[in-house]
>>> print(open('target18.json').read())   # JSON, C-alpha atoms
[["chain", "number", "residue", "atom", "x", "y", "z"],
["L", 29, "MET", "CA", 1.56, -3.89, -5.72],
["L", 30, "ARG", "CA", -1.70, -1.94, -6.07],
["L", 31, "SER", "CA", -1.54, 1.80, -6.52],
["L", 32, "PHE", "CA", -4.23, 4.49, -6.55],
["L", 33, "GLY", "CA", -3.96, 8.11, -7.53],
["L", 34, "ARG", "CA", -6.57, 9.50, -5.11],
["L", 35, "VAL", "CA", -8.20, 7.73, -2.20],
["L", 36, "MET", "CA", -11.07, 9.19, -0.18],
["L", 37, "ILE", "CA", -11.51, 7.92, 3.38],
["L", 38, "VAL", "CA", -15.00, 8.60, 4.75],
["L", 39, "ASP", "CA", -15.46, 8.23, 8.51],
["L", 40, "ASP", "CA", -16.79, 10.50, 11.24],
["L", 41, "SER", "CA", -13.93, 9.42, 13.49],
["L", 42, "SER", "CA", -10.67, 11.23, 12.77],
["L", 43, "THR", "CA", -8.92, 8.43, 14.65],
["L", 44, "SER", "CA", -10.43, 5.83, 12.36],
["L", 45, "ARG", "CA", -9.53, 7.82, 9.24],
["L", 46, "MET", "CA", -5.94, 8.01, 10.42],
["L", 47, "ILE", "CA", -5.83, 4.29, 11.28],
["L", 48, "ILE", "CA", -7.19, 3.30, 7.86],
["L", 49, "GLN", "CA", -4.68, 5.53, 6.08],
["L", 50, "ARG", "CA", -1.81, 4.20, 8.17],
["L", 51, "CYS", "CA", -2.83, 0.60, 7.55],
["L", 52, "MET", "CA", -2.86, 1.22, 3.81],
["L", 53, "GLU", "CA", 0.58, 2.83, 4.04],
["L", 54, "MET", "CA", 1.90, -0.07, 6.13],
["L", 55, "ALA", "CA", 0.47, -2.54, 3.62],
["L", 56, "GLY", "CA", 2.54, -0.91, 0.90],
["L", 57, "ILE", "CA", -0.48, 0.28, -1.08],
["L", 58, "GLU", "CA", 0.74, 3.23, -3.11],
["L", 59, "VAL", "CA", -1.53, 6.27, -2.94],
["L", 60, "GLY", "CA", -0.87, 9.64, -4.51],
["L", 61, "VAL", "CA", -3.27, 11.72, -2.41],
["L", 62, "TYR", "CA", -5.50, 10.91, 0.52],
["L", 63, "LEU", "CA", -8.73, 12.87, 0.89],
["L", 64, "TRP", "CA", -10.88, 12.75, 4.02],
["L", 65, "ALA", "CA", -14.60, 13.22, 4.48],
["L", 66, "GLU", "CA", -16.59, 13.06, 7.72],
["L", 67, "ASN", "CA", -19.71, 11.29, 6.45],
["L", 68, "GLY", "CA", -21.52, 10.33, 3.28],
["L", 69, "LEU", "CA", -23.03, 13.76, 2.84],
["L", 70, "ASP", "CA", -19.64, 15.44, 3.12],
["L", 71, "ALA", "CA", -18.16, 12.93, 0.67],
["L", 72, "MET", "CA", -20.96, 13.43, -1.86],
["L", 73, "ALA", "CA", -20.51, 17.21, -1.67],
["L", 74, "LYS", "CA", -16.83, 16.82, -2.46],
["L", 75, "LEU", "CA", -17.47, 14.36, -5.31],
["L", 76, "ARG", "CA", -20.21, 16.51, -6.81],
["L", 77, "SER", "CA", -17.94, 19.55, -6.67],
["L", 78, "GLY", "CA", -15.68, 17.81, -9.14],
["L", 79, "VAL", "CA", -13.24, 15.94, -6.92],
["L", 80, "SER", "CA", -12.36, 12.65, -8.59],
["L", 81, "VAL", "CA", -11.11, 9.61, -6.71],
["L", 82, "ASP", "CA", -9.97, 6.12, -7.65],
["L", 83, "LEU", "CA", -10.91, 4.42, -4.39],
["L", 84, "ILE", "CA", -13.39, 5.19, -1.61],
["L", 85, "VAL", "CA", -12.99, 3.61, 1.83],
["L", 86, "THR", "CA", -16.07, 4.33, 3.90],
["L", 87, "ASP", "CA", -17.35, 3.53, 7.36],
["L", 88, "ILE", "CA", -20.94, 2.31, 7.77],
["L", 89, "ASN", "CA", -22.05, 3.91, 11.01],
["L", 90, "MET", "CA", -21.89, 7.69, 10.50],
["L", 91, "PRO", "CA", -24.15, 10.66, 11.22],
["L", 92, "LYS", "CA", -25.97, 12.64, 8.49],
["L", 93, "MET", "CA", -25.47, 9.95, 5.82],
["L", 94, "ASP", "CA", -24.35, 6.44, 6.73],
["L", 95, "GLY", "CA", -22.18, 4.22, 4.57],
["L", 96, "ARG", "CA", -25.04, 2.09, 3.27],
["L", 97, "THR", "CA", -26.94, 5.13, 2.04],
["L", 98, "PHE", "CA", -23.73, 6.63, 0.66],
["L", 99, "ALA", "CA", -23.04, 3.48, -1.35],
["L", 100, "GLY", "CA", -26.60, 3.57, -2.67],
["L", 101, "VAL", "CA", -26.26, 7.21, -3.75],
["L", 102, "LEU", "CA", -22.92, 6.46, -5.36],
["L", 103, "LYS", "CA", -24.48, 3.65, -7.38],
["L", 104, "GLY", "CA", -26.69, 6.24, -9.04],
["L", 105, "GLU", "CA", -23.84, 8.61, -9.76],
["L", 106, "GLU", "CA", -21.67, 8.01, -12.78],
["L", 107, "ARG", "CA", -18.74, 9.77, -11.17],
["L", 108, "GLY", "CA", -18.86, 7.73, -7.99],
["L", 109, "MET", "CA", -19.14, 4.41, -9.73],
["L", 110, "LYS", "CA", -15.80, 4.89, -11.44],
["L", 111, "ALA", "CA", -14.18, 4.44, -8.03],
["L", 112, "GLY", "CA", -13.73, 1.18, -6.20],
["L", 113, "ILE", "CA", -15.54, 1.09, -2.87],
["L", 114, "ILE", "CA", -14.40, -0.60, 0.33],
["L", 115, "VAL", "CA", -16.65, -0.51, 3.39],
["L", 116, "VAL", "CA", -15.26, -0.77, 6.92],
["L", 117, "SER", "CA", -17.54, -1.55, 9.82],
["L", 118, "SER", "CA", -17.34, -2.62, 13.45],
["L", 119, "VAL", "CA", -20.29, -4.91, 12.68],
["L", 120, "ALA", "CA", -20.15, -7.00, 9.53],
["L", 121, "ASP", "CA", -22.24, -9.97, 8.52],
["L", 122, "SER", "CA", -22.99, -11.86, 5.35],
["L", 123, "ALA", "CA", -26.40, -10.23, 4.81],
["L", 124, "LEU", "CA", -24.90, -6.75, 5.09],
["L", 125, "GLU", "CA", -22.05, -7.72, 2.80],
["L", 126, "ALA", "CA", -24.46, -9.08, 0.18],
["L", 127, "GLU", "CA", -26.51, -5.89, 0.34],
["L", 128, "LEU", "CA", -23.41, -3.73, -0.02],
["L", 129, "ARG", "CA", -22.01, -5.79, -2.88],
["L", 130, "ALA", "CA", -25.29, -5.29, -4.73],
["L", 131, "LEU", "CA", -24.63, -1.57, -4.38],
["L", 132, "GLY", "CA", -21.23, -1.93, -6.02],
["L", 133, "VAL", "CA", -19.05, -2.36, -2.94],
["L", 134, "SER", "CA", -15.99, -4.47, -3.68],
["L", 135, "ALA", "CA", -15.05, -5.50, -0.15],
["L", 136, "VAL", "CA", -16.25, -5.26, 3.43],
["L", 137, "VAL", "CA", -13.61, -5.01, 6.16],
["L", 138, "LYS", "CA", -14.46, -5.63, 9.79],
["L", 139, "LYS", "CA", -12.89, -3.22, 12.26],
["L", 140, "PRO", "CA", -10.31, -3.11, 13.64],
["L", 141, "VAL", "CA", -8.68, -2.69, 10.25],
["L", 142, "SER", "CA", -5.16, -3.97, 9.74],
["L", 143, "PRO", "CA", -2.61, -3.74, 6.90],
["L", 144, "ALA", "CA", -3.36, -7.35, 5.95],
["L", 145, "LYS", "CA", -7.12, -6.72, 5.81],
["L", 146, "MET", "CA", -6.67, -3.60, 3.68],
["L", 147, "LEU", "CA", -4.28, -5.39, 1.33],
["L", 148, "ASP", "CA", -6.77, -8.19, 0.93],
["L", 149, "ALA", "CA", -9.60, -5.70, 0.35],
["L", 150, "VAL", "CA", -7.82, -3.72, -2.37],
["L", 151, "GLY", "CA", -7.04, -7.03, -4.08],
["L", 152, "GLY", "CA", -10.75, -7.29, -4.81],
["L", 153, "ILE", "CA", -10.91, -3.92, -6.58],
["L", 154, "PRO", "CA", -11.37, -4.47, -10.32],
["B", 13, "MET", "CA", -30.49, -13.99, 31.23],
["B", 14, "ILE", "CA", -30.40, -10.58, 29.54],
["B", 15, "GLY", "CA", -33.08, -10.80, 26.93],
["B", 16, "ALA", "CA", -31.65, -13.69, 24.93],
["B", 17, "VAL", "CA", -28.15, -13.39, 26.36],
["B", 18, "ASP", "CA", -26.76, -14.97, 29.50],
["B", 19, "ALA", "CA", -25.22, -12.42, 31.90],
["B", 20, "GLY", "CA", -22.09, -14.48, 32.36],
["B", 21, "LYS", "CA", -21.67, -14.88, 28.61],
["B", 22, "ALA", "CA", -22.17, -11.14, 28.17],
["B", 23, "ALA", "CA", -19.48, -10.37, 30.75],
["B", 24, "ARG", "CA", -17.04, -12.76, 29.08],
["B", 25, "ALA", "CA", -17.81, -11.34, 25.65],
["B", 26, "LEU", "CA", -17.28, -7.81, 26.94],
["B", 27, "ALA", "CA", -13.97, -8.78, 28.56],
["B", 28, "ASP", "CA", -12.79, -10.50, 25.38],
["B", 29, "ALA", "CA", -13.87, -7.53, 23.25],
["B", 30, "LEU", "CA", -11.94, -5.13, 25.48],
["B", 31, "ALA", "CA", -8.80, -7.26, 25.40],
["B", 32, "SER", "CA", -8.81, -7.89, 21.66],
["B", 33, "THR", "CA", -9.65, -4.30, 20.71],
["B", 34, "PHE", "CA", -7.01, -2.67, 22.90],
["B", 35, "ALA", "CA", -4.44, -5.19, 21.67],
["B", 36, "GLU", "CA", -5.24, -4.80, 17.98],
["B", 37, "LEU", "CA", -5.87, -1.05, 17.88],
["B", 38, "CYS", "CA", -3.26, 0.32, 20.24],
["B", 39, "PHE", "CA", -1.09, -2.62, 21.30],
["B", 40, "ILE", "CA", -2.07, -2.35, 24.97],
["B", 41, "ASP", "CA", -2.52, -5.54, 26.99],
["B", 42, "VAL", "CA", -5.78, -5.52, 28.90],
["B", 43, "ILE", "CA", -6.18, -8.12, 31.64],
["B", 44, "PRO", "CA", -9.72, -8.40, 33.01],
["B", 45, "ALA", "CA", -10.12, -8.97, 36.75],
["B", 46, "PRO", "CA", -11.85, -12.24, 37.70],
["B", 47, "GLU", "CA", -14.54, -10.30, 39.57],
["B", 48, "PRO", "CA", -15.34, -6.56, 39.63],
["B", 49, "ALA", "CA", -14.23, -5.00, 42.93],
["B", 50, "GLY", "CA", -15.89, -1.63, 42.43],
["B", 51, "ALA", "CA", -12.62, 0.28, 42.65],
["B", 52, "PRO", "CA", -12.93, 3.81, 41.23],
["B", 53, "VAL", "CA", -11.20, 4.71, 37.98],
["B", 54, "PRO", "CA", -8.98, 7.73, 38.74],
["B", 55, "ASP", "CA", -9.57, 10.94, 36.74],
["B", 56, "PRO", "CA", -12.11, 9.07, 34.61],
["B", 57, "ILE", "CA", -13.19, 9.81, 31.07],
["B", 58, "CYS", "CA", -16.40, 8.03, 30.20],
["B", 59, "ALA", "CA", -17.60, 7.14, 26.73],
["B", 60, "ALA", "CA", -20.81, 5.36, 25.84],
["B", 61, "ILE", "CA", -22.38, 3.69, 22.83],
["B", 62, "ASP", "CA", -25.94, 2.48, 22.50],
["B", 63, "MET", "CA", -26.93, -0.80, 20.95],
["B", 64, "LEU", "CA", -30.36, -0.57, 19.36],
["B", 65, "ARG", "CA", -30.68, -4.12, 18.03],
["B", 66, "PRO", "CA", -30.95, -6.97, 18.88],
["B", 67, "LEU", "CA", -30.57, -5.98, 22.54],
["B", 68, "SER", "CA", -31.52, -2.56, 23.84],
["B", 69, "CYS", "CA", -28.52, -1.62, 25.94],
["B", 70, "ARG", "CA", -25.62, 0.74, 26.41],
["B", 71, "ILE", "CA", -21.93, 0.01, 26.81],
["B", 72, "GLU", "CA", -19.99, 2.51, 28.91],
["B", 73, "LEU", "CA", -16.21, 2.61, 29.00],
["B", 74, "GLU", "CA", -14.37, 4.45, 31.76],
["B", 75, "CYS", "CA", -10.65, 4.99, 31.59],
["B", 76, "PRO", "CA", -8.26, 7.44, 33.25],
["B", 77, "GLY", "CA", -7.15, 10.50, 31.34],
["B", 78, "SER", "CA", -3.58, 9.23, 31.54],
["B", 79, "LEU", "CA", -4.55, 6.15, 29.53],
["B", 80, "ARG", "CA", -6.27, 8.19, 26.85],
["B", 81, "ARG", "CA", -3.14, 10.31, 26.52],
["B", 82, "LYS", "CA", -1.10, 7.11, 26.24],
["B", 83, "ILE", "CA", -3.46, 5.79, 23.54],
["B", 84, "ASP", "CA", -3.22, 9.06, 21.62],
["B", 85, "GLY", "CA", 0.56, 8.90, 21.87],
["B", 86, "ILE", "CA", 0.55, 5.40, 20.37],
["B", 87, "LEU", "CA", -2.01, 6.10, 17.65],
["B", 88, "PHE", "CA", -0.78, 9.52, 16.61],
["B", 89, "GLN", "CA", 2.90, 8.98, 17.38],
["B", 90, "GLY", "CA", 3.18, 12.21, 19.33],
["B", 91, "GLY", "CA", 0.99, 14.24, 16.99],
["B", 92, "GLU", "CA", -2.66, 15.15, 17.37],
["B", 93, "ALA", "CA", -5.80, 13.89, 15.71],
["B", 94, "GLU", "CA", -7.21, 16.13, 13.03],
["B", 95, "GLY", "CA", -10.72, 17.17, 13.92],
["B", 96, "GLY", "CA", -10.94, 16.17, 17.55],
["B", 97, "ASP", "CA", -10.00, 13.79, 20.26],
["B", 98, "ASP", "CA", -12.10, 10.74, 19.49],
["B", 99, "SER", "CA", -9.68, 7.86, 19.98],
["B", 100, "LEU", "CA", -11.63, 6.46, 22.95],
["B", 101, "LEU", "CA", -14.85, 6.68, 20.94],
["B", 102, "GLU", "CA", -13.37, 4.66, 18.10],
["B", 103, "ILE", "CA", -12.08, 2.08, 20.55],
["B", 104, "LEU", "CA", -15.53, 1.82, 22.11],
["B", 105, "ASN", "CA", -17.14, 1.50, 18.68],
["B", 106, "VAL", "CA", -14.90, -1.47, 17.87],
["B", 107, "VAL", "CA", -15.44, -2.98, 21.35],
["B", 108, "ALA", "CA", -19.20, -2.77, 20.83],
["B", 109, "GLY", "CA", -19.00, -4.44, 17.43],
["B", 110, "ALA", "CA", -16.83, -7.26, 18.77],
["B", 111, "PHE", "CA", -19.08, -7.69, 21.79],
["B", 112, "ALA", "CA", -22.25, -7.79, 19.72],
["B", 113, "THR", "CA", -20.82, -10.23, 17.19],
["B", 114, "SER", "CA", -19.61, -12.49, 19.98],
["B", 115, "CYS", "CA", -22.90, -12.40, 21.87],
["B", 116, "PHE", "CA", -25.37, -12.66, 19.02],
["B", 117, "GLY", "CA", -23.38, -14.37, 16.29],
["B", 118, "PRO", "CA", -21.94, -13.10, 13.01],
["B", 119, "GLY", "CA", -25.29, -13.27, 11.21],
["B", 120, "ALA", "CA", -27.27, -11.25, 13.73],
["B", 121, "ASP", "CA", -29.02, -8.03, 12.73],
["B", 122, "ILE", "CA", -27.00, -5.61, 14.87],
["B", 123, "LYS", "CA", -27.60, -1.89, 15.01],
["B", 124, "LEU", "CA", -25.25, 0.37, 16.96],
["B", 125, "GLY", "CA", -25.68, 4.04, 17.74],
["B", 126, "LEU", "CA", -22.91, 6.60, 17.54],
["B", 127, "PRO", "CA", -20.41, 6.68, 20.40],
["B", 128, "GLY", "CA", -20.12, 9.80, 22.52],
["B", 129, "TYR", "CA", -18.47, 11.11, 25.67],
["B", 130, "LEU", "CA", -20.40, 11.42, 28.91],
["B", 131, "TYR", "CA", -19.53, 14.50, 30.93],
["B", 132, "GLY", "CA", -20.07, 14.74, 34.68],
["B", 133, "SER", "CA", -23.73, 14.66, 35.65],
["B", 134, "GLU", "CA", -24.85, 15.70, 32.16],
["B", 135, "GLU", "CA", -25.79, 12.11, 31.34],
["B", 136, "PRO", "CA", -26.56, 10.27, 34.57],
["B", 137, "ALA", "CA", -26.30, 6.53, 34.40],
["B", 138, "GLU", "CA", -29.69, 4.98, 33.75],
["B", 139, "GLY", "CA", -30.74, 1.38, 33.72],
["B", 140, "ALA", "CA", -29.44, -1.60, 35.60],
["B", 141, "ALA", "CA", -25.85, -2.71, 35.15],
["B", 142, "LEU", "CA", -26.15, -6.11, 33.47],
["B", 143, "ALA", "CA", -22.45, -6.86, 33.34],
["B", 144, "VAL", "CA", -19.38, -5.06, 34.66],
["B", 145, "VAL", "CA", -15.81, -5.76, 33.62],
["B", 146, "GLU", "CA", -12.90, -4.19, 35.43],
["B", 147, "ALA", "CA", -9.46, -4.61, 33.93],
["B", 148, "ASP", "CA", -5.86, -3.58, 34.11],
["B", 149, "ALA", "CA", -4.54, -1.86, 31.01],
["B", 150, "GLU", "CA", -0.79, -2.01, 31.60],
["B", 151, "GLY", "CA", -1.10, -0.25, 34.96],
["B", 152, "ASP", "CA", -4.24, 1.78, 34.30],
["B", 153, "ALA", "CA", -7.60, 0.69, 35.68],
["B", 154, "ILE", "CA", -10.49, 0.61, 33.21],
["B", 155, "ARG", "CA", -14.11, -0.39, 33.58],
["B", 156, "ALA", "CA", -16.72, -1.41, 31.02],
["B", 157, "THR", "CA", -20.38, -1.59, 31.96],
["B", 158, "LEU", "CA", -23.19, -3.14, 29.97],
["B", 159, "ARG", "CA", -26.32, -1.32, 30.98],
["B", 160, "SER", "CA", -29.95, -2.05, 30.22],
["B", 161, "VAL", "CA", -31.61, 0.85, 28.42],
["B", 162, "ARG", "CA", -35.10, 1.02, 27.05],
["B", 163, "TYR", "CA", -35.21, 3.08, 23.88],
["B", 164, "ARG", "CA", -38.08, 4.88, 22.27],
["B", 165, "TYR", "CA", -37.52, 3.34, 18.82]]
>>> encode(input="target18.json", output="structure tokens")
Amino acid sequence: MRSFGRVMIVDDSSTSRMIIQRCMEMAGIEVGVYLWAENGLDAMAKLRSGVSVDLIVTDINMPKMDGRTFAGVLKGEERGMKAGIIVVSSVADSALEAELRALGVSAVVKKPVSPAKMLDAVGGIP
Amino acid sequence: MIGAVDAGKAARALADALASTFAELCFIDVIPAPEPAGAPVPDPICAAIDMLRPLSCRIELECPGSLRRKIDGILFQGGEAEGGDDSLLEILNVVAGAFATSCFGPGADIKLGLPGYLYGSEEPAEGAALAVVEADAEGDAIRATLRSVRYRY
């Protein structure tokens, strides 16, 4: 079973953040601490302040900084790239997935997320 | 036809998206009516999301306050969401993604806006209704409307 010390869930919807966390719990993925951020900008501020995470689960469609931009910024940050990245999106296609994978994203999960989808996604984290 | 999408296909895709999203997200069975009857949704809460590509349109979702409270009860198991009451917005976001993927195919370049609530006359409905789906959500009436909107982008 996969386990992570600190997981950051980045989504402007508090409902979505809760659903993602619950799906990971239901899937039996062991997580020490969950951290939440409301968008890419908020997440970057937390990471740059010294918060370290092992896994980032981020939405695509967010205000201020969307998930695609966030992944691109993370790619240029040594701290961010130590974490696995999973993207969740209500719209997912192969072109988007290829673009995100080039930015270091390990898996793309189409909403609605489920325990099975999250388990499958974390299986792709190196 | 709606742009490149048939109106009947759009209505079916919207009905399917509603049913699958409510079932998967909050375990509520949604049964679309064969034809919209125009019955009002009691004590309605209305949320909307814009689609910017490939079709310029808006999806509006009306549901009674009692249903939103029921959804919150299911999702939060009696507790409250941290940071606001956005369960209906997340449902609409997923409905829009499912609708768009169904209508335009999994490889389409789809761009959605951010979902938001519409309050009273603050945001009057604009644009022609291209498809309307009325449905029963385990005793609560809901309505989804696909509306043509011309954006400035």
>>> residues_around(input="target18.json", residues="segment 117-128 of chain B", least_positions_apart="2", cutoff="9 Å", atoms="all atoms listed in the file", output="ChimeraX atom specification")
/L:89-91,119-124 /B:58-67,98,101-102,104-105,108-109,112-115,130
>>> residues_around(input="target18.json", residues="Asp55 of chain B", least_positions_apart="4", cutoff="9 Å", atoms="all atoms listed in the file", output="MDAnalysis selection string")
chainID B and resid 75:78
>>> atom_distance(input="target18.json", atom1="atom CA of Ala110 of chain B", atom2="atom CA of Ala19 of chain B")
16.4 Å
>>> interface_residues(input="target18.json", of="chain L", to="chain B", cutoff="7 Å", atoms="all atoms listed in the file", output="PyMOL selection string")
chain L and resi 41-44+118-119+121-122+139-140
>>> closest_residue(input="target18.json", among="L:Pro154, L:Gly112, L:Gly60, L:Gly100", to="Ile84 of chain L", atoms="all atoms listed in the file")
L:Gly112
>>> residues_around(input="target18.json", residues="Glu146 of chain B", least_positions_apart="2", cutoff="12 Å", atoms="all atoms listed in the file", output="ChimeraX atom specification")
/B:23-24,26-28,30-31,42-53,72-75,143-144,148-149,152-158
>>> atom_distance(input="target18.json", atom1="atom CA of Val116 of chain L", atom2="atom CA of Val141 of chain L")
7.6 Å
>>> residues_around(input="target18.json", residues="Ile88 of chain L", least_positions_apart="4", cutoff="6 Å", atoms="all atoms listed in the file", output="MDAnalysis selection string")
chainID L and resid 94:95 117
>>> atom_distance(input="target18.json", atom1="atom CA of Met29 of chain L", atom2="atom CA of Lys110 of chain L")
20.3 Å
>>> closest_residue(input="target18.json", among="L:Val59, L:Ala144, L:Met54, L:Ala71", to="Gly33 of chain L", atoms="all atoms listed in the file")
L:Val59
>>> closest_residue(input="target18.json", among="L:Ile57, L:Ile47, L:Ile114, L:Leu75", to="Ile153 of chain L", atoms="only C-alpha atoms")
L:Ile114
>>> closest_residue(input="target18.json", among="B:Arg159, B:Gln89, B:Gly20, B:Glu150", to="Ala35 of chain B", atoms="all atoms listed in the file")
B:Glu150
>>> residues_around(input="target18.json", residues="Val61 of chain L", least_positions_apart="5", cutoff="9 Å", atoms="all atoms listed in the file", output="PyMOL selection string")
chain L and resi 32-36
>>> build_atoms(input="target18.json", residues="segment 115-136 of chain L", atoms="N, CA and C atoms", output="PDB file, in the frame of the given file")
ATOM      1  N   VAL L 115     -15.917  -0.911   2.186  1.00  0.00           N
ATOM      2  CA  VAL L 115     -16.650  -0.510   3.390  1.00  0.00           C
ATOM      3  C   VAL L 115     -15.959  -1.092   4.617  1.00  0.00           C
ATOM      4  N   VAL L 116     -15.776  -0.276   5.640  1.00  0.00           N
ATOM      5  CA  VAL L 116     -15.260  -0.770   6.920  1.00  0.00           C
ATOM      6  C   VAL L 116     -16.371  -0.625   7.951  1.00  0.00           C
ATOM      7  N   SER L 117     -16.462  -1.591   8.849  1.00  0.00           N
ATOM      8  CA  SER L 117     -17.540  -1.550   9.820  1.00  0.00           C
ATOM      9  C   SER L 117     -17.153  -2.351  11.063  1.00  0.00           C
ATOM     10  N   SER L 118     -17.590  -1.853  12.223  1.00  0.00           N
ATOM     11  CA  SER L 118     -17.340  -2.620  13.450  1.00  0.00           C
ATOM     12  C   SER L 118     -18.272  -3.817  13.524  1.00  0.00           C
ATOM     13  N   VAL L 119     -19.361  -3.781  12.753  1.00  0.00           N
ATOM     14  CA  VAL L 119     -20.290  -4.910  12.680  1.00  0.00           C
ATOM     15  C   VAL L 119     -20.408  -5.310  11.224  1.00  0.00           C
ATOM     16  N   ALA L 120     -20.053  -6.534  10.916  1.00  0.00           N
ATOM     17  CA  ALA L 120     -20.150  -7.000   9.530  1.00  0.00           C
ATOM     18  C   ALA L 120     -20.746  -8.406   9.529  1.00  0.00           C
ATOM     19  N   ASP L 121     -21.671  -8.626   8.657  1.00  0.00           N
ATOM     20  CA  ASP L 121     -22.240  -9.970   8.520  1.00  0.00           C
ATOM     21  C   ASP L 121     -22.524 -10.225   7.052  1.00  0.00           C
ATOM     22  N   SER L 122     -22.855 -11.465   6.750  1.00  0.00           N
ATOM     23  CA  SER L 122     -22.990 -11.860   5.350  1.00  0.00           C
ATOM     24  C   SER L 122     -24.161 -11.158   4.666  1.00  0.00           C
ATOM     25  N   ALA L 123     -25.245 -10.906   5.413  1.00  0.00           N
ATOM     26  CA  ALA L 123     -26.400 -10.230   4.810  1.00  0.00           C
ATOM     27  C   ALA L 123     -26.040  -8.795   4.443  1.00  0.00           C
ATOM     28  N   LEU L 124     -25.340  -8.121   5.356  1.00  0.00           N
ATOM     29  CA  LEU L 124     -24.900  -6.750   5.090  1.00  0.00           C
ATOM     30  C   LEU L 124     -23.944  -6.726   3.906  1.00  0.00           C
ATOM     31  N   GLU L 125     -23.029  -7.685   3.886  1.00  0.00           N
ATOM     32  CA  GLU L 125     -22.050  -7.720   2.800  1.00  0.00           C
ATOM     33  C   GLU L 125     -22.747  -7.941   1.454  1.00  0.00           C
ATOM     34  N   ALA L 126     -23.740  -8.822   1.432  1.00  0.00           N
ATOM     35  CA  ALA L 126     -24.460  -9.080   0.180  1.00  0.00           C
ATOM     36  C   ALA L 126     -25.197  -7.820  -0.279  1.00  0.00           C
ATOM     37  N   GLU L 127     -25.797  -7.120   0.673  1.00  0.00           N
ATOM     38  CA  GLU L 127     -26.510  -5.890   0.340  1.00  0.00           C
ATOM     39  C   GLU L 127     -25.546  -4.838  -0.227  1.00  0.00           C
ATOM     40  N   LEU L 128     -24.386  -4.732   0.418  1.00  0.00           N
ATOM     41  CA  LEU L 128     -23.410  -3.730  -0.020  1.00  0.00           C
ATOM     42  C   LEU L 128     -22.810  -4.101  -1.379  1.00  0.00           C
ATOM     43  N   ARG L 129     -22.579  -5.373  -1.580  1.00  0.00           N
ATOM     44  CA  ARG L 129     -22.010  -5.790  -2.880  1.00  0.00           C
ATOM     45  C   ARG L 129     -22.995  -5.497  -4.010  1.00  0.00           C
ATOM     46  N   ALA L 130     -24.282  -5.620  -3.721  1.00  0.00           N
ATOM     47  CA  ALA L 130     -25.290  -5.290  -4.730  1.00  0.00           C
ATOM     48  C   ALA L 130     -25.273  -3.802  -5.068  1.00  0.00           C
ATOM     49  N   LEU L 131     -24.738  -3.012  -4.150  1.00  0.00           N
ATOM     50  CA  LEU L 131     -24.630  -1.570  -4.380  1.00  0.00           C
ATOM     51  C   LEU L 131     -23.291  -1.196  -5.018  1.00  0.00           C
ATOM     52  N   GLY L 132     -22.486  -2.209  -5.341  1.00  0.00           N
ATOM     53  CA  GLY L 132     -21.230  -1.930  -6.020  1.00  0.00           C
ATOM     54  C   GLY L 132     -20.010  -1.915  -5.116  1.00  0.00           C
ATOM     55  N   VAL L 133     -20.193  -2.313  -3.870  1.00  0.00           N
ATOM     56  CA  VAL L 133     -19.050  -2.360  -2.940  1.00  0.00           C
ATOM     57  C   VAL L 133     -18.199  -3.581  -3.246  1.00  0.00           C
ATOM     58  N   SER L 134     -16.893  -3.379  -3.319  1.00  0.00           N
ATOM     59  CA  SER L 134     -15.990  -4.470  -3.680  1.00  0.00           C
ATOM     60  C   SER L 134     -15.587  -5.330  -2.495  1.00  0.00           C
ATOM     61  N   ALA L 135     -15.503  -4.730  -1.308  1.00  0.00           N
ATOM     62  CA  ALA L 135     -15.050  -5.500  -0.150  1.00  0.00           C
ATOM     63  C   ALA L 135     -15.593  -4.872   1.121  1.00  0.00           C
ATOM     64  N   VAL L 136     -15.820  -5.722   2.121  1.00  0.00           N
ATOM     65  CA  VAL L 136     -16.250  -5.260   3.430  1.00  0.00           C
ATOM     66  C   VAL L 136     -15.193  -5.696   4.441  1.00  0.00           C
TER      67      VAL L 136
END
